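Colleague: Structure file final27.pdb (PDB, C-alpha atoms, pLDDT in the B column) right here:
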MODEL        1
ATOM      1  CA  MET A   1     -46.547 -22.044 -72.686  1.00 71.00           C
ATOM      2  CA  SER A   2     -43.312 -21.567 -74.628  1.00 84.00           C
ATOM      3  CA  ASN A   3     -41.020 -18.841 -75.878  1.00 90.00           C
ATOM      4  CA  PRO A   4     -40.559 -17.970 -79.591  1.00 92.00           C
ATOM      5  CA  LEU A   5     -37.998 -20.775 -80.094  1.00 95.00           C
ATOM      6  CA  ALA A   6     -40.852 -23.286 -79.864  1.00 95.00           C
ATOM      7  CA  ILE A   7     -41.581 -23.263 -83.611  1.00 96.00           C
ATOM      8  CA  ALA A   8     -38.026 -24.232 -84.555  1.00 97.00           C
ATOM      9  CA  HIS A   9     -37.876 -26.681 -81.643  1.00 97.00           C
ATOM     10  CA  VAL A  10     -40.973 -28.537 -82.868  1.00 97.00           C
ATOM     11  CA  THR A  11     -39.514 -28.755 -86.385  1.00 98.00           C
ATOM     12  CA  GLN A  12     -36.243 -30.227 -85.123  1.00 98.00           C
ATOM     13  CA  ALA A  13     -38.054 -32.675 -82.833  1.00 98.00           C
ATOM     14  CA  LEU A  14     -40.305 -33.811 -85.686  1.00 98.00           C
ATOM     15  CA  ALA A  15     -37.263 -34.551 -87.845  1.00 98.00           C
ATOM     16  CA  LEU A  16     -35.676 -36.566 -85.029  1.00 98.00           C
ATOM     17  CA  LEU A  17     -38.897 -38.493 -84.431  1.00 98.00           C
ATOM     18  CA  ILE A  18     -38.973 -39.522 -88.094  1.00 98.00           C
ATOM     19  CA  GLU A  19     -35.254 -40.351 -88.152  1.00 97.00           C
ATOM     20  CA  HIS A  20     -35.437 -42.568 -85.048  1.00 97.00           C
ATOM     21  CA  ASN A  21     -38.321 -44.657 -86.387  1.00 97.00           C
ATOM     22  CA  LEU A  22     -37.205 -45.581 -89.930  1.00 96.00           C
ATOM     23  CA  ARG A  23     -36.033 -49.056 -88.967  1.00 91.00           C
ATOM     24  CA  PRO A  24     -36.481 -51.975 -89.300  1.00 92.00           C
ATOM     25  CA  GLU A  25     -38.088 -51.551 -92.732  1.00 92.00           C
ATOM     26  CA  ILE A  26     -35.562 -48.949 -93.906  1.00 95.00           C
ATOM     27  CA  ASP A  27     -32.110 -50.533 -93.602  1.00 92.00           C
ATOM     28  CA  MET A  28     -30.154 -47.846 -95.479  1.00 95.00           C
ATOM     29  CA  PRO A  29     -28.608 -44.562 -94.317  1.00 97.00           C
ATOM     30  CA  VAL A  30     -31.193 -41.776 -94.649  1.00 97.00           C
ATOM     31  CA  SER A  31     -30.554 -38.051 -94.267  1.00 98.00           C
ATOM     32  CA  VAL A  32     -33.464 -36.293 -92.530  1.00 98.00           C
ATOM     33  CA  GLU A  33     -33.113 -32.550 -93.104  1.00 98.00           C
ATOM     34  CA  THR A  34     -35.103 -29.583 -91.757  1.00 98.00           C
ATOM     35  CA  ARG A  35     -35.237 -27.610 -95.004  1.00 96.00           C
ATOM     36  CA  ARG A  36     -37.457 -26.863 -97.961  1.00 96.00           C
ATOM     37  CA  PRO A  37     -37.528 -29.387-100.828  1.00 97.00           C
ATOM     38  CA  PRO A  38     -34.338 -28.906-102.873  1.00 96.00           C
ATOM     39  CA  ALA A  39     -34.332 -27.484-106.391  1.00 94.00           C
ATOM     40  CA  GLU A  40     -32.041 -30.340-107.396  1.00 95.00           C
ATOM     41  CA  PRO A  41     -33.484 -33.600-106.020  1.00 94.00           C
ATOM     42  CA  PRO A  42     -30.839 -35.649-104.197  1.00 95.00           C
ATOM     43  CA  THR A  43     -30.083 -39.167-105.408  1.00 93.00           C
ATOM     44  CA  ASP A  44     -29.218 -40.453-101.924  1.00 97.00           C
ATOM     45  CA  PRO A  45     -32.104 -41.427 -99.589  1.00 98.00           C
ATOM     46  CA  THR A  46     -33.308 -38.133 -98.117  1.00 98.00           C
ATOM     47  CA  ILE A  47     -36.338 -36.837 -96.197  1.00 98.00           C
ATOM     48  CA  THR A  48     -36.985 -33.102 -95.930  1.00 98.00           C
ATOM     49  CA  VAL A  49     -39.148 -31.623 -93.175  1.00 98.00           C
ATOM     50  CA  PHE A  50     -40.302 -28.162 -94.236  1.00 98.00           C
ATOM     51  CA  CYS A  51     -42.477 -25.867 -92.095  1.00 98.00           C
ATOM     52  CA  TYR A  52     -44.186 -23.965 -94.899  1.00 97.00           C
ATOM     53  CA  GLN A  53     -46.871 -22.122 -92.917  1.00 96.00           C
ATOM     54  CA  VAL A  54     -47.723 -20.925 -89.411  1.00 96.00           C
ATOM     55  CA  THR A  55     -51.357 -20.065 -88.645  1.00 95.00           C
ATOM     56  CA  SER A  56     -53.444 -19.022 -85.655  1.00 90.00           C
ATOM     57  CA  ASP A  57     -55.254 -21.883 -84.000  1.00 88.00           C
ATOM     58  CA  PRO A  58     -58.981 -21.370 -84.718  1.00 86.00           C
ATOM     59  CA  ALA A  59     -60.137 -22.822 -81.396  1.00 82.00           C
ATOM     60  CA  LEU A  60     -58.049 -20.386 -79.321  1.00 76.00           C
ATOM     61  CA  ARG A  61     -57.915 -17.427 -81.687  1.00 66.00           C
ATOM     62  CA  ASN A  62     -59.947 -15.195 -79.374  1.00 63.00           C
ATOM     63  CA  ALA A  63     -58.536 -16.528 -76.111  1.00 61.00           C
ATOM     64  CA  ASP A  64     -54.898 -15.495 -76.514  1.00 56.00           C
ATOM     65  CA  LEU A  65     -55.125 -11.760 -75.883  1.00 59.00           C
ATOM     66  CA  PRO A  66     -53.501 -10.125 -72.864  1.00 54.00           C
ATOM     67  CA  THR A  67     -55.806  -9.108 -70.008  1.00 65.00           C
ATOM     68  CA  ARG A  68     -55.339  -5.681 -68.452  1.00 58.00           C
ATOM     69  CA  THR A  69     -57.047  -3.683 -65.744  1.00 57.00           C
ATOM     70  CA  SER A  70     -58.919  -0.451 -66.459  1.00 57.00           C
ATOM     71  CA  ASN A  71     -55.709   1.554 -65.913  1.00 61.00           C
ATOM     72  CA  GLY A  72     -53.684  -0.635 -68.309  1.00 58.00           C
ATOM     73  CA  VAL A  73     -51.862  -2.885 -65.844  1.00 57.00           C
ATOM     74  CA  LEU A  74     -51.188  -6.358 -67.290  1.00 57.00           C
ATOM     75  CA  ILE A  75     -52.680  -9.150 -65.171  1.00 57.00           C
ATOM     76  CA  ARG A  76     -52.453 -12.003 -67.712  1.00 62.00           C
ATOM     77  CA  ARG A  77     -49.616 -12.518 -70.196  1.00 67.00           C
ATOM     78  CA  ALA A  78     -50.380 -12.708 -73.903  1.00 71.00           C
ATOM     79  CA  ALA A  79     -50.098 -16.143 -75.513  1.00 78.00           C
ATOM     80  CA  ALA A  80     -50.278 -16.680 -79.286  1.00 86.00           C
ATOM     81  CA  ALA A  81     -51.903 -20.033 -80.109  1.00 89.00           C
ATOM     82  CA  LEU A  82     -50.302 -21.393 -83.295  1.00 93.00           C
ATOM     83  CA  ASP A  83     -50.658 -24.347 -85.664  1.00 95.00           C
ATOM     84  CA  LEU A  84     -47.640 -25.458 -87.702  1.00 97.00           C
ATOM     85  CA  HIS A  85     -47.987 -26.886 -91.222  1.00 98.00           C
ATOM     86  CA  TYR A  86     -45.349 -29.262 -92.564  1.00 98.00           C
ATOM     87  CA  LEU A  87     -44.491 -30.561 -96.015  1.00 98.00           C
ATOM     88  CA  ILE A  88     -42.533 -33.823 -95.672  1.00 98.00           C
ATOM     89  CA  SER A  89     -40.912 -35.032 -98.904  1.00 98.00           C
ATOM     90  CA  ALA A  90     -38.862 -38.127 -99.722  1.00 98.00           C
ATOM     91  CA  TYR A  91     -36.100 -38.699-102.279  1.00 98.00           C
ATOM     92  CA  GLY A  92     -34.016 -41.618-103.478  1.00 97.00           C
ATOM     93  CA  ASN A  93     -33.504 -44.183-106.221  1.00 96.00           C
ATOM     94  CA  GLU A  94     -36.817 -44.298-108.069  1.00 94.00           C
ATOM     95  CA  THR A  95     -36.156 -47.706-109.621  1.00 95.00           C
ATOM     96  CA  GLU A  96     -36.027 -49.137-106.098  1.00 96.00           C
ATOM     97  CA  LEU A  97     -39.018 -47.022-104.947  1.00 97.00           C
ATOM     98  CA  VAL A  98     -36.952 -45.480-102.177  1.00 97.00           C
ATOM     99  CA  GLY A  99     -39.141 -42.364-101.919  1.00 97.00           C
ATOM    100  CA  GLN A 100     -42.295 -44.428-101.521  1.00 97.00           C
ATOM    101  CA  ARG A 101     -40.673 -46.630 -98.897  1.00 97.00           C
ATOM    102  CA  LEU A 102     -39.588 -43.580 -96.934  1.00 98.00           C
ATOM    103  CA  ILE A 103     -43.012 -41.937 -97.097  1.00 98.00           C
ATOM    104  CA  GLY A 104     -44.579 -45.177 -95.871  1.00 97.00           C
ATOM    105  CA  SER A 105     -42.285 -45.102 -92.855  1.00 97.00           C
ATOM    106  CA  VAL A 106     -43.138 -41.449 -92.144  1.00 98.00           C
ATOM    107  CA  VAL A 107     -46.881 -42.142 -92.241  1.00 98.00           C
ATOM    108  CA  ARG A 108     -46.500 -45.194 -90.014  1.00 97.00           C
ATOM    109  CA  THR A 109     -44.465 -43.230 -87.459  1.00 97.00           C
ATOM    110  CA  LEU A 110     -46.792 -40.234 -87.190  1.00 98.00           C
ATOM    111  CA  HIS A 111     -49.866 -42.451 -87.023  1.00 97.00           C
ATOM    112  CA  GLU A 112     -48.332 -44.573 -84.275  1.00 97.00           C
ATOM    113  CA  ILE A 113     -46.713 -41.656 -82.380  1.00 97.00           C
ATOM    114  CA  PRO A 114     -48.831 -38.567 -83.167  1.00 97.00           C
ATOM    115  CA  ALA A 115     -47.611 -36.493 -80.179  1.00 97.00           C
ATOM    116  CA  LEU A 116     -44.008 -35.426 -79.676  1.00 97.00           C
ATOM    117  CA  PRO A 117     -42.422 -37.605 -76.957  1.00 96.00           C
ATOM    118  CA  ALA A 118     -40.612 -35.877 -74.107  1.00 95.00           C
ATOM    119  CA  ASP A 119     -37.292 -37.615 -74.834  1.00 96.00           C
ATOM    120  CA  VAL A 120     -37.299 -36.423 -78.455  1.00 97.00           C
ATOM    121  CA  ILE A 121     -38.053 -32.857 -77.343  1.00 97.00           C
ATOM    122  CA  ALA A 122     -35.147 -33.047 -74.898  1.00 96.00           C
ATOM    123  CA  GLU A 123     -32.792 -34.384 -77.583  1.00 97.00           C
ATOM    124  CA  ALA A 124     -33.758 -31.605 -79.986  1.00 97.00           C
ATOM    125  CA  ALA A 125     -33.041 -29.021 -77.277  1.00 96.00           C
ATOM    126  CA  GLU A 126     -29.365 -30.081 -77.311  1.00 97.00           C
ATOM    127  CA  ARG A 127     -28.867 -28.238 -80.599  1.00 97.00           C
ATOM    128  CA  PRO A 128     -26.876 -25.037 -79.967  1.00 97.00           C
ATOM    129  CA  TYR A 129     -29.302 -22.933 -81.999  1.00 96.00           C
ATOM    130  CA  LEU A 130     -32.147 -24.024 -79.707  1.00 97.00           C
ATOM    131  CA  ALA A 131     -30.420 -23.048 -76.478  1.00 95.00           C
ATOM    132  CA  GLY A 132     -32.937 -21.263 -74.270  1.00 94.00           C
ATOM    133  CA  SER A 133     -36.019 -22.998 -75.654  1.00 95.00           C
ATOM    134  CA  ASP A 134     -38.495 -24.011 -72.949  1.00 92.00           C
ATOM    135  CA  LEU A 135     -40.744 -26.246 -75.054  1.00 94.00           C
ATOM    136  CA  ALA A 136     -39.952 -29.180 -72.755  1.00 93.00           C
ATOM    137  CA  GLU A 137     -41.581 -27.302 -69.857  1.00 90.00           C
ATOM    138  CA  SER A 138     -44.853 -26.718 -71.703  1.00 88.00           C
ATOM    139  CA  SER A 139     -47.843 -28.722 -70.501  1.00 83.00           C
ATOM    140  CA  GLN A 140     -49.285 -28.595 -74.034  1.00 85.00           C
ATOM    141  CA  ARG A 141     -48.171 -31.579 -76.135  1.00 89.00           C
ATOM    142  CA  VAL A 142     -47.812 -30.887 -79.860  1.00 95.00           C
ATOM    143  CA  ARG A 143     -49.850 -33.402 -81.859  1.00 96.00           C
ATOM    144  CA  PHE A 144     -49.577 -34.115 -85.594  1.00 98.00           C
ATOM    145  CA  THR A 145     -52.507 -34.919 -87.860  1.00 97.00           C
ATOM    146  CA  PRO A 146     -52.448 -35.537 -91.627  1.00 97.00           C
ATOM    147  CA  THR A 147     -53.846 -32.818 -93.883  1.00 97.00           C
ATOM    148  CA  GLN A 148     -55.994 -33.982 -96.781  1.00 94.00           C
ATOM    149  CA  MET A 149     -55.128 -32.059 -99.955  1.00 94.00           C
ATOM    150  CA  ASP A 150     -56.589 -32.554-103.433  1.00 94.00           C
ATOM    151  CA  VAL A 151     -54.626 -32.178-106.667  1.00 93.00           C
ATOM    152  CA  ASP A 152     -55.419 -28.460-106.981  1.00 95.00           C
ATOM    153  CA  GLU A 153     -54.310 -27.655-103.435  1.00 95.00           C
ATOM    154  CA  THR A 154     -51.161 -29.714-103.885  1.00 95.00           C
ATOM    155  CA  SER A 155     -50.387 -27.879-107.118  1.00 94.00           C
ATOM    156  CA  LYS A 156     -50.762 -24.498-105.408  1.00 94.00           C
ATOM    157  CA  LEU A 157     -48.491 -25.561-102.546  1.00 95.00           C
ATOM    158  CA  TRP A 158     -45.717 -26.693-104.873  1.00 95.00           C
ATOM    159  CA  GLY A 159     -46.259 -23.624-107.034  1.00 94.00           C
ATOM    160  CA  MET A 160     -45.061 -21.518-104.090  1.00 93.00           C
ATOM    161  CA  LEU A 161     -41.735 -23.377-104.222  1.00 93.00           C
ATOM    162  CA  HIS A 162     -40.311 -21.614-107.243  1.00 87.00           C
ATOM    163  CA  GLN A 163     -38.386 -23.894-109.630  1.00 89.00           C
ATOM    164  CA  THR A 164     -38.629 -26.844-107.261  1.00 95.00           C
ATOM    165  CA  PRO A 165     -39.661 -30.133-108.911  1.00 95.00           C
ATOM    166  CA  TYR A 166     -42.442 -32.106-107.293  1.00 96.00           C
ATOM    167  CA  ALA A 167     -41.526 -35.031-105.048  1.00 96.00           C
ATOM    168  CA  LEU A 168     -43.716 -37.585-103.327  1.00 96.00           C
ATOM    169  CA  SER A 169     -44.815 -35.886-100.104  1.00 97.00           C
ATOM    170  CA  VAL A 170     -47.253 -35.842 -97.205  1.00 97.00           C
ATOM    171  CA  VAL A 171     -48.607 -32.801 -95.353  1.00 98.00           C
ATOM    172  CA  TYR A 172     -49.127 -32.693 -91.585  1.00 98.00           C
ATOM    173  CA  GLN A 173     -50.448 -30.107 -89.149  1.00 98.00           C
ATOM    174  CA  GLY A 174     -48.900 -29.671 -85.701  1.00 97.00           C
ATOM    175  CA  VAL A 175     -51.350 -28.554 -83.006  1.00 94.00           C
ATOM    176  CA  LEU A 176     -50.851 -26.669 -80.685  1.00 86.00           C
ATOM    177  CA  VAL A 177     -47.931 -24.321 -79.928  1.00 89.00           C
ATOM    178  CA  LEU A 178     -48.480 -21.572 -77.352  1.00 87.00           C
ATOM    179  CA  VAL A 179     -45.957 -18.716 -77.585  1.00 87.00           C
ATOM    180  CA  GLU A 180     -45.984 -16.415 -74.550  1.00 75.00           C
ATOM    181  CA  GLY A 181     -45.381 -12.701 -74.538  1.00 67.00           C
ATOM    182  CA  ARG A 182     -42.396 -11.082 -72.779  1.00 60.00           C
ATOM    183  CA  GLU A 183     -44.158  -8.652 -70.456  1.00 56.00           C
ATOM    184  CA  GLU A 184     -44.558  -9.942 -66.910  1.00 58.00           C
ATOM    185  CA  PRO A 185     -48.061  -9.593 -65.442  1.00 57.00           C
ATOM    186  CA  VAL A 186     -48.538  -7.727 -62.164  1.00 54.00           C
ATOM    187  CA  PRO A 187     -49.689 -10.038 -59.343  1.00 59.00           C
ATOM    188  CA  VAL A 188     -53.186  -9.277 -58.112  1.00 55.00           C
ATOM    189  CA  PRO A 189     -52.983  -8.170 -54.442  1.00 58.00           C
ATOM    190  CA  PRO A 190     -54.855 -10.325 -51.912  1.00 61.00           C
ATOM    191  CA  VAL A 191     -58.101  -9.139 -50.351  1.00 54.00           C
ATOM    192  CA  GLU A 192     -57.191  -7.336 -47.128  1.00 61.00           C
ATOM    193  CA  ARG A 193     -60.592  -6.125 -45.993  1.00 66.00           C
ATOM    194  CA  ARG A 194     -64.077  -7.384 -46.640  1.00 67.00           C
ATOM    195  CA  THR A 195     -67.122  -5.134 -46.338  1.00 67.00           C
ATOM    196  CA  VAL A 196     -70.474  -6.716 -45.496  1.00 67.00           C
ATOM    197  CA  THR A 197     -73.618  -4.694 -46.216  1.00 68.00           C
ATOM    198  CA  VAL A 198     -76.892  -5.606 -44.461  1.00 69.00           C
ATOM    199  CA  GLN A 199     -80.151  -4.537 -46.057  1.00 68.00           C
ATOM    200  CA  PRO A 200     -83.634  -4.800 -44.468  1.00 71.00           C
ATOM    201  CA  ASN A 201     -86.038  -7.333 -45.835  1.00 65.00           C
ATOM    202  CA  ILE A 202     -88.605  -5.284 -47.725  1.00 61.00           C
ATOM    203  CA  ARG A 203     -90.602  -8.187 -49.074  1.00 62.00           C
ATOM    204  CA  ARG A 204     -94.375  -8.107 -48.402  1.00 61.00           C
ATOM    205  CA  PRO A 205     -95.543 -10.603 -45.739  1.00 59.00           C
ATOM    206  CA  ALA A 206     -97.162 -13.755 -46.973  1.00 60.00           C
ATOM    207  CA  SER A 207    -100.970 -13.733 -47.268  1.00 62.00           C
ATOM    208  CA  PRO A 208    -102.857 -15.536 -44.430  1.00 61.00           C
ATOM    209  CA  PRO A 209    -104.365 -18.939 -45.179  1.00 61.00           C
ATOM    210  CA  GLU A 210    -107.782 -18.994 -46.825  1.00 63.00           C
ATOM    211  CA  GLY A 211    -110.595 -18.368 -44.350  1.00 60.00           C
ATOM    212  CA  GLN A 212    -108.358 -16.659 -41.793  1.00 60.00           C
ATOM    213  CA  VAL A 213    -108.496 -12.905 -41.295  1.00 56.00           C
ATOM    214  CA  GLU A 214    -105.244 -11.207 -40.366  1.00 55.00           C
ATOM    215  CA  ALA A 215    -105.595  -8.969 -37.286  1.00 57.00           C
ATOM    216  CA  PRO A 216    -104.525  -5.355 -37.608  1.00 58.00           C
ATOM    217  CA  PRO A 217    -101.226  -4.517 -35.934  1.00 57.00           C
ATOM    218  CA  GLY A 218    -101.522  -3.789 -32.185  1.00 56.00           C
ATOM    219  CA  THR A 219    -104.918  -5.557 -31.672  1.00 56.00           C
ATOM    220  CA  GLY A 220    -103.525  -8.832 -30.534  1.00 53.00           C
ATOM    221  CA  GLU A 221    -104.746 -12.203 -31.692  1.00 50.00           C
TER     222      GLU A 221
ENDMDL
END
When written as structure tokens, how does the structure in this file appear?
Modeller:
Amino acid sequence: MSNPLAIAHVTQALALLIEHNLRPEIDMPVSVETRRPPAEPPTDPTITVFCYQVTSDPALRNADLPTRTSNGVLIRRAAAALDLHYLISAYGNETELVGQRLIGSVVRTLHEIPALPADVIAEAAERPYLAGSDLAESSQRVRFTPTQMDVDETSKLWGMLHQTPYALSVVYQGVLVLVEGREEPVPVPPVERRTVTVQPNIRRPASPPEGQVEAPPGTGE
């Protein structure tokens, strides 16, 4: 479970993961930025990591509601289960195919290391604007999987980025981020007294074996 800073923390950690794994194939300085694709494409080698959508996780959509008693007392904290969607774009000298080289490195990294490592999460937490994030304490590891998009879906995605020219990109989904609510649940008191109820056995007696007549009560055998 994490607090609301988890979304930004995952984005920063993803950018660091990509930045730390560009070498040895990429031997040039590369700027990895957590921002939307720029309206004016940079000429220097650049990778942008843009969280363009946050959605409810379909597997846990109905399991994240708070649990309360009949009188409204909270006994289980709410937890929103979220999936994060990222557009990762690459820029650079097109005559030297810099963008394609960078995208190749991104794909290689996220295929080889699909889950955020603990050391990268800890490094991202050193940013002042992420002070107070508890993503490192979450038992749920965020895992990235590629999203397959056809030409029409890609066109719609870039159409949302008004006046932003298309750049070679890949789309990934981060699963799963659990954001906890603020209200503290009330501990359930222990059982102090148990009540045992004894009821008589009212089942009918078993029938006597075939050929044997059961004697009436009080007549003996």
Colleague: Residues picked by the PyMOL selection byres ((chain A and resi 57) around 9) here, as JSON, numbers by chain?
Modeller: {"A": [55, 56, 58, 59, 60, 61, 80, 81, 82, 83, 175, 176, 177]}
Colleague: For the selection you just gave me, I'd like the residues written to a file as a short mmCIF file (atom, residue, chain, number, x, y, z; two decimals), in the coordinates of the input, keeping C-alpha atoms.
Modeller:
data_model
loop_
_atom_site.label_atom_id
_atom_site.label_comp_id
_atom_site.auth_asym_id
_atom_site.auth_seq_id
_atom_site.Cartn_x
_atom_site.Cartn_y
_atom_site.Cartn_z
CA THR A 55 -51.36 -20.07 -88.64
CA SER A 56 -53.44 -19.02 -85.66
CA PRO A 58 -58.98 -21.37 -84.72
CA ALA A 59 -60.14 -22.82 -81.40
CA LEU A 60 -58.05 -20.39 -79.32
CA ARG A 61 -57.92 -17.43 -81.69
CA ALA A 80 -50.28 -16.68 -79.29
CA ALA A 81 -51.90 -20.03 -80.11
CA LEU A 82 -50.30 -21.39 -83.30
CA ASP A 83 -50.66 -24.35 -85.66
CA VAL A 175 -51.35 -28.55 -83.01
CA LEU A 176 -50.85 -26.67 -80.68
CA VAL A 177 -47.93 -24.32 -79.93
#
Colleague: Care to translate the PyMOL selection byres ((chain A and resi 15) around 12) into actual residues of this file, as a short mmCIF file (atom, residue, chain, number, x, y, z; two decimals) with C-alpha atoms, in the coordinates of the input?
Modeller:
data_model
loop_
_atom_site.label_atom_id
_atom_site.label_comp_id
_atom_site.auth_asym_id
_atom_site.auth_seq_id
_atom_site.Cartn_x
_atom_site.Cartn_y
_atom_site.Cartn_z
CA ALA A 8 -38.03 -24.23 -84.56
CA HIS A 9 -37.88 -26.68 -81.64
CA VAL A 10 -40.97 -28.54 -82.87
CA THR A 11 -39.51 -28.76 -86.38
CA GLN A 12 -36.24 -30.23 -85.12
CA ALA A 13 -38.05 -32.67 -82.83
CA LEU A 14 -40.30 -33.81 -85.69
CA LEU A 16 -35.68 -36.57 -85.03
CA LEU A 17 -38.90 -38.49 -84.43
CA ILE A 18 -38.97 -39.52 -88.09
CA GLU A 19 -35.25 -40.35 -88.15
CA HIS A 20 -35.44 -42.57 -85.05
CA ASN A 21 -38.32 -44.66 -86.39
CA LEU A 22 -37.20 -45.58 -89.93
CA VAL A 30 -31.19 -41.78 -94.65
CA SER A 31 -30.55 -38.05 -94.27
CA VAL A 32 -33.46 -36.29 -92.53
CA GLU A 33 -33.11 -32.55 -93.10
CA THR A 34 -35.10 -29.58 -91.76
CA ARG A 35 -35.24 -27.61 -95.00
CA THR A 46 -33.31 -38.13 -98.12
CA ILE A 47 -36.34 -36.84 -96.20
CA THR A 48 -36.98 -33.10 -95.93
CA VAL A 49 -39.15 -31.62 -93.18
CA PHE A 50 -40.30 -28.16 -94.24
CA CYS A 51 -42.48 -25.87 -92.10
CA TYR A 86 -45.35 -29.26 -92.56
CA LEU A 87 -44.49 -30.56 -96.02
CA ILE A 88 -42.53 -33.82 -95.67
CA SER A 89 -40.91 -35.03 -98.90
CA VAL A 106 -43.14 -41.45 -92.14
CA THR A 109 -44.46 -43.23 -87.46
CA LEU A 110 -46.79 -40.23 -87.19
CA LEU A 116 -44.01 -35.43 -79.68
CA VAL A 120 -37.30 -36.42 -78.46
CA ILE A 121 -38.05 -32.86 -77.34
CA GLU A 123 -32.79 -34.38 -77.58
CA ALA A 124 -33.76 -31.60 -79.99
#
Colleague: Quick one: which residues end up in the PyMOL selection byres ((chain A and resi 180) around 6) for this structure, as a ChimeraX atom specification?
Modeller: /A:1-3,78-79,179,181
Colleague: For the selection you just gave me, I'd like the residues written to a file as a PDB file, in the coordinates of the input, keeping C-alpha atoms.
Modeller:
ATOM      1  CA  MET A   1     -46.547 -22.044 -72.686  1.00 71.00           C
ATOM      2  CA  SER A   2     -43.312 -21.567 -74.628  1.00 84.00           C
ATOM      3  CA  ASN A   3     -41.020 -18.841 -75.878  1.00 90.00           C
ATOM      4  CA  ALA A  78     -50.380 -12.708 -73.903  1.00 71.00           C
ATOM      5  CA  ALA A  79     -50.098 -16.143 -75.513  1.00 78.00           C
ATOM      6  CA  VAL A 179     -45.957 -18.716 -77.585  1.00 87.00           C
ATOM      7  CA  GLY A 181     -45.381 -12.701 -74.538  1.00 67.00           C
TER       8      GLY A 181
END
Colleague: Show which residues sit within 12 Å of His162 in chain A, as a ChimeraX atom specification. Count all atoms listed in the file, and ignore same-chain residues fewer than 6 positions away.
Modeller: /A:36-39,155-156
Colleague: Report as a list in words all protein, DNA and RNA residues lying within 9 Å of Leu130 in chain A, evaluated on all atoms listed in the file, omitting residues in the same chain fewer than 2 positions from it.
Modeller: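 So, after excluding close chain neighbours, the residues are Leu5, Ala6, Ala8, His9, Ala124, Ala125, Glu126, Arg127, Pro128, Gly132 and Ser133 of chain A.
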Colleague: In Å to one decimal, how far is CA of Ile26 in chain A from CA of Val98 in chain A?
Modeller: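 A separation of 9.1 Å between them.
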Colleague: Of the candidates A:Gln173, A:Thr95, A:Ser105, A:Gln100, which shows the shortest atom-to-atom distance to Glu25 in chain A, using only C-alpha atoms?
Modeller: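 That would be A:Ser105, the residue with the smallest distance to Glu25 in chain A.
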Colleague: Rounded to one decimal place, report the CA of Leu135 in chain A-CA of Pro114 in chain A distance in Å.
Modeller: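 It comes out at 16.8 Å.
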Colleague: Quote the spacing between CA of Val171 in chain A and CA of Ala122 in chain A in Å to one decimal place.
Modeller: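 These atoms are spaced 24.5 Å apart.
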